[in-house]
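A.B. asks: Sending over a structure as structure tokens; questions will come in a sec.
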Amino acid sequence: MPSILKINGISKRFPGVQALQDVTFDVEKESIHAVIGENGAGKSTLMQIIAGVHQPDAGSIEFSGETVKFTNPSEAQAKGIAIVYQELNLAPNLSIAENIFLGLEPKRSTFFLDRQKLTAATLAVLGRLGLHHDPDTVVHRLTVAQQQLIEICKSLVRNPRLLILDEPTSSLSETESAILFRVIADLKAHGVTVLYISHRLPEVFSLCDTITVLRDGRHVRTVQTKATTEAEAVRFMVGRELLAFHRHPVEPKGDVVLRVNKLSKKGQYEDVTFELRRGEIVALAGLIGAGRSEMALGIFGSPPPDRGDITLRGGRVNFRQPKDAVVAGIAFVPEDRKTMGLVLGDGVGANISSAALRTVARGPFVDYPAENQLIRKYVSRLRVRTPSFQQRAGLLSGGNQQKVLLAKWLAVQPTVLIVDEPTRGVDIGTKAEIYGLFDELVREGIAILIISSDLPEVLALADRILIMRHGRLTGELTRNDATEERVMHLAAIGNVTDVTKSNGQD
Amino acid sequence: MSPEAVAPHQPEKAVPQRTFRLPREIGILGALGLMLLVLAVFVPQFRDIQNLTNITRNFSFVGIVAMGMTLVILTGGIDLSVGSVWGMTAVIVAFLLTHGWPVLLAIFVSLLAACGIGLMNGLCITRLKMSPFVPTLATLSIARSLALIITHGRPISIFGDEYQSFLWIGGGDVFGIPNPFIIFCVVAVFFWVLLSRTVWGRYVYAVGGNERTARLTGLRVDRLKIIVYILSAIVAGIAGLVQYSYLSSVTADLGTGEELAVIAATVIGGANLAGGEGTIFGTVIGAIILEVLRNGLLLFGIDPYWQGVFVGAVIILAVSIDYFRKLLRHD
């Protein structure tokens with residue numbers, strides 16, 4: 001196959017970082033080509049250059065035989081290059097149909113919207129992805145995963161010759177990912193070339209024909225998938241062999257720190273009961289939409305549950321707002337660091353001290369030396385790589401942002417740490433560091449509740465695994481009993497006896 | 001944008017960063033310097049002590065209110081009611097004084113009324129989840145109407161010894177420095193300390209930077225916003241009191257349209273209407289620029305009808321400076 005895209009010596013510099021340095025490789029026509037690398041390796045920047053969002057400082061791009069210089073994304077789109085970003089770019093107030101055909105609406109007599117055609121065309125493209133939504137559903141009613149799939153529909157109706165997917169599965173469940181993989185294979189059969197960016201090596205290896213590895217903005221290698229292995233790809237990505245992570249569980253566990261009894265919120269979670277002990281890591285596993293995050297936020301008072309009680313270190317608590325929970329010693333690290341965790345426009349230092357600011361104040365005034373000491377302590381403890389404490393958090397790589405977020409919450413010295421998706425969108429090196437940190441923290445006596453959709457992560461970290469499905473706990477597995485299969489079984493099908501029990505209460 | 005509060009006291013790491021963030025107000029500061037230089041060189045009357053005194057007095061009123069507006073805009077909000085609260089407070093104090101109330105009590109009660117408007121704005125925004133534009137537009141109308149109800153459209157004037165202490169507040173001076181300017185300085189220092197030295201001030205930036213994050217960080221976002229709108233109403237009330245005291249006569253239309261001058265000063269000073277960005281220092285410069293511009297145009301003999309055109313041009317120019325500065329930094 002000839003190549004459809006030739007990337008020649010692309011370099012791009014942002015203030016303070018050389019994002020790309022002399023990157024050169026070809027993408028074969030009608031292939032599925034993976035681009036992998038750690039966070040900050042330059043994958044997204046490269047894709048945005050191909051799609052016309054950024055312009056390279058040096059180098060050229062050749063697309064189906066001609067040299068192209070896009071000054072904006074619509075020029076790239078006109079040539080048949082479509083990109084689906086990791087972040088959602090839908091208008092939440094418009095319907096599914098209106099979003100998919102935004103700017104391409106079928107018209108009657110030039111001015112009037114042809115509603116029938118719009119609906120029919122939308123149903124057709126939804127069907128292609130095996131989705132069964134009403135085209136008139138307003139997008140903000142959909143889950144993040146569903147929106148991600150709509151985003152893909154939107155790019156499909158633009159008939160791309162090259163489709164770029166930036167971490168498309170990061171918010172999808174297994175089933176939804178499977179549908180996406182089928183669609184990608186189908187696109188390839190119809191002559192579309194796909195550039196596929198992902199952290200998840202298993203899916204890259206099962207889906208892609210060719211793999212390009214980037215590291216620190218440089219091209220490391222482009223190889224046929226058949227000619228390499230996952231272990232080798234990891235080695236290219238990090239430039240070193242990764243040590244497997246080993247927990248050192250604390251035995252015996254300490255006292256019960258947090259007890260949650262029959263916690264319920266209508267339409268979100270029902271009768272959730274569990275305990276968390278000092279020195280213990282408990283993982284909440286389940287599919288996306290099982291109500292895990294909602295339940296954990298309920299503990300945190302955001303918003304409070306309808307029913308049920310929470311006991312912290314033996315005393316009943318009733319958190320009406322996050323402030324109450326923080327004061328009582330609960331820290332909650334949310335899953336979306338960009339919209340819920342950090343103030344991206346603020347400095348790294350200001351973010352780290354933001355939750356614990358009261359502890360480094362003299363009366364109403366900020367004690368700057370004390371604040372700096374606090375920031376320095378946690379920057380070094382978590383090895384946050386930042387040029388200065390004033391560096392805007394939004395300019396750091398995903399892994400470093402996650403460390404800043406963890407630092408912010410460790411700085412309040414919590415007794416209970418709740419972490420929602422601790423390593424989403426984080427590179428392998430940082431992942432290992434974060435696991436090591438959790439191991440250290442429980443040995444210091446903190447109790448950790450982790451919500452994770454990453455099964456290997458759950459198995460590596462947890463002393464106990466609680467599985468949630470449709471808002472209810474469907475089972476519990478100890479570290480020694482747990483296997484990926486058992487967890488998946490409980491998450492997807494549910495334990496038979498538990499289901500009958502909970503059905504009786506409906 | 002991080003509050004500049006973080007910058008000081010950072011011995012080693014802050015060094016490269018501080019040269020990096022210095023340009024924040026340097027653009028408008030330079031523009032102001034240039035204006036002053038041109039006026040001082042080409043217009044002798046500008047350097048006149050009387051003229052300079054007038055300028056400081058005139059920008060003080062807008063400047064005082066702009067301190068509160070800076071907080072409001074930092075949280076991502078807007079307060080359209082300040083011009084009306086300004087007038088309403090002046091009218092209430094005039095009414096109470098002419099009905100024989102003691103000065104301090106009259107001031108206290110009139111400011112309490114201003115607080116009421118701020119509280120109403122804050123409650124509508126936080127409890128009823130209204131967009132800040134809406135309740136402050138409503139209170140713009142309500143407060144102005146209250147002023148009309150009290151005055152019946154007639155001016156309320158005060159003369160004579162019995163009002164001497166009140167008239168001194170806005171009309172007097174200390175060592176030749178007009179009192180309104182001194183009051184402005186006190187208010188500005190208070191807000192500067194509040195924003196860049198206190199924990200609460202840092203929370204204001206956090207709320208404006210990302211409200212959802214601020215909530216999940218355990219900040220009491222609603223309470224903070226209510227306080228911000230109350231502070232905005234109080235400073236608007238103070239401006240009304242001081243101006244009334246200076247003029248010694250008030251009609252119900254005092255302060256009409258001033259909300260636009262106040263927002264203009266804040267925006268020229270670098271505050272971002274999306275929230276999270278802006279400083280007290282910037283707003284002070286913004287307020288000075290507005291008044292120096294107005295004064296300079298008059299001294300140059302330019303038809304006053306043209307003032308609006310120049311003010312508008314300066315707003316666009318000042319904000320575009322910020323745009324180009326960011327462009328240089330990011331891309």
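Ordering of the structure tokens sets the chain letters (A, B, ...), residue numbers begin anew at 1 in every chain, and ligands are numbered from 1 in the order given.
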Counting only C-alpha atoms, which residues from chain A have an atom at most 6 Å from any atom of chain B, and could you show them as a short mmCIF file (atom, residue, chain, number, x, y, z; two decimals) with N, CA, C and O atoms, in the first residue's frame?
C.D. replies:
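Output file selection_7.cif follows:
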data_model
loop_
_atom_site.label_atom_id
_atom_site.label_comp_id
_atom_site.auth_asym_id
_atom_site.auth_seq_id
_atom_site.Cartn_x
_atom_site.Cartn_y
_atom_site.Cartn_z
N PRO A 322 -19.15 19.67 50.59
CA PRO A 322 -17.77 19.15 50.64
C PRO A 322 -16.96 19.72 51.79
O PRO A 322 -16.17 19.02 52.40
N LYS A 323 -17.19 20.99 52.12
CA LYS A 323 -16.45 21.63 53.20
C LYS A 323 -16.50 20.79 54.50
O LYS A 323 -15.49 20.60 55.16
N MET A 340 -12.91 19.35 37.47
CA MET A 340 -13.33 19.20 38.85
C MET A 340 -12.18 19.27 39.84
O MET A 340 -12.40 19.50 41.02
N GLY A 341 -10.97 19.05 39.35
CA GLY A 341 -9.88 18.88 40.29
C GLY A 341 -9.00 20.11 40.44
O GLY A 341 -8.63 20.49 41.55
N VAL A 343 -7.60 24.18 39.19
CA VAL A 343 -7.86 25.44 38.52
C VAL A 343 -6.71 25.57 37.53
O VAL A 343 -5.59 25.92 37.90
N GLY A 345 -5.86 27.55 35.22
CA GLY A 345 -5.23 28.84 34.99
C GLY A 345 -4.38 29.30 36.17
O GLY A 345 -3.63 30.26 36.06
N ASP A 346 -4.50 28.63 37.30
CA ASP A 346 -3.73 29.00 38.48
C ASP A 346 -2.40 28.26 38.50
O ASP A 346 -2.22 27.26 37.82
N GLY A 347 -1.49 28.76 39.32
CA GLY A 347 -0.18 28.16 39.41
C GLY A 347 -0.22 26.79 40.08
O GLY A 347 -1.17 26.46 40.78
N ALA A 355 -6.49 23.51 49.05
CA ALA A 355 -7.38 22.85 50.00
C ALA A 355 -6.89 23.02 51.43
O ALA A 355 -7.68 23.01 52.37
N PRO A 364 -6.63 35.49 59.27
CA PRO A 364 -7.17 35.50 57.90
C PRO A 364 -6.07 35.59 56.84
O PRO A 364 -6.36 35.46 55.66
N PHE A 365 -4.82 35.80 57.24
CA PHE A 365 -3.77 36.07 56.26
C PHE A 365 -2.99 34.82 55.88
O PHE A 365 -2.71 33.97 56.70
N VAL A 366 -2.63 34.76 54.61
CA VAL A 366 -1.81 33.66 54.13
C VAL A 366 -0.40 33.83 54.67
O VAL A 366 0.17 34.92 54.59
N SER A 388 8.45 25.86 37.82
CA SER A 388 8.35 26.72 39.01
C SER A 388 7.00 26.47 39.65
O SER A 388 6.13 25.84 39.07
#
A.B. asks: Find the spatial neighbours of Gln48 of chain A, counting only C-alpha atoms, within a cut-off of 10 Å - ignore same-chain residues fewer than 5 positions away - and output them as a ChimeraX atom specification.
C.D. replies: /A:42-43,53-56,72-73,83,85,164,166
A.B. asks: So how far away is atom CA of Glu232 of chain A from atom CA of Val23 of chain A, in Å?
C.D. replies: 20.4 Å
A.B. asks: Do a neighbour search on Pro422 of chain A at 8 Å with only C-alpha atoms, toss out local chain neighbours closer than 2 positions, and write the hits as a VMD selection string.
C.D. replies: chain A and resid 333 335 402 419 to 420 424 434 450 to 452
A.B. asks: Considering only C-alpha atoms, return as a PyMOL selection string whatever protein or nucleic-acid residues lie within 6 Å of segment 286-293 of chain A, sequence-local ones (same chain, fewer than 6 positions apart) excluded.
C.D. replies: chain A and resi 173+268-269+467-471+491
A.B. asks: Quick one: residues within 8 Å of Lys403 of chain A, only C-alpha atoms, excluding same-chain residues fewer than 2 positions away - as number ranges by chain?
C.D. replies: A: 382-384, 399-401, 405-407, 434
A.B. asks: So that I can see what lies close to Ile49 of chain B, please list as a PyMOL selection string the residues with an atom at most 12 Å from it, counting only C-alpha atoms and leaving out residues fewer than 3 positions away in the same chain.
C.D. replies: chain B and resi 40+44-46+52-56+176-178
A.B. asks: I need the chosen residues saved as a compact mmCIF listing (two decimals), in the first residue's frame, with C-alpha atoms.
C.D. replies:
# COMPACT_ATOMS: atom_id res chain seq x y z
CA ALA B 40 2.27 67.32 31.13
CA PRO B 44 0.45 73.42 30.94
CA GLN B 45 -2.96 73.59 32.68
CA PHE B 46 -2.78 69.86 33.23
CA LEU B 52 -4.60 67.48 39.51
CA THR B 53 -6.68 67.77 42.67
CA ASN B 54 -9.81 67.65 40.56
CA ILE B 55 -8.64 64.55 38.74
CA THR B 56 -7.87 62.67 41.93
CA GLY B 176 -4.47 69.68 50.59
CA ILE B 177 -5.33 66.09 49.64
CA PRO B 178 -9.04 65.88 48.90
A.B. asks: Skip Lys431 of chain A itself and residues of its chain fewer than 4 positions away, then list as a list in words all residues within 12 Å of it, counting only C-alpha atoms.
C.D. replies: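 Once the adjacent positions are removed, what remains is Glu38, Asn39, His199, Leu242, Leu243, Ala244, Phe245, Leu382, Gly398, Gly399, Asn400, Gln402, Lys403, Glu421, Pro422, Thr423, Arg424, Gly425, Val426, Asp427, Tyr435, Gly436, Leu437, Phe438, Asp454, Pro456, Glu457, Ala460 and Leu461 of chain A.
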A.B. asks: What residues in segment 25-210 of chain B get the DSSP label alpha helix (DSSP H)? Please answer as a PyMOL selection string.
C.D. replies: chain B and resi 25-42+49-74+82-98+103-126+133-151+164-171+179-197+199-209
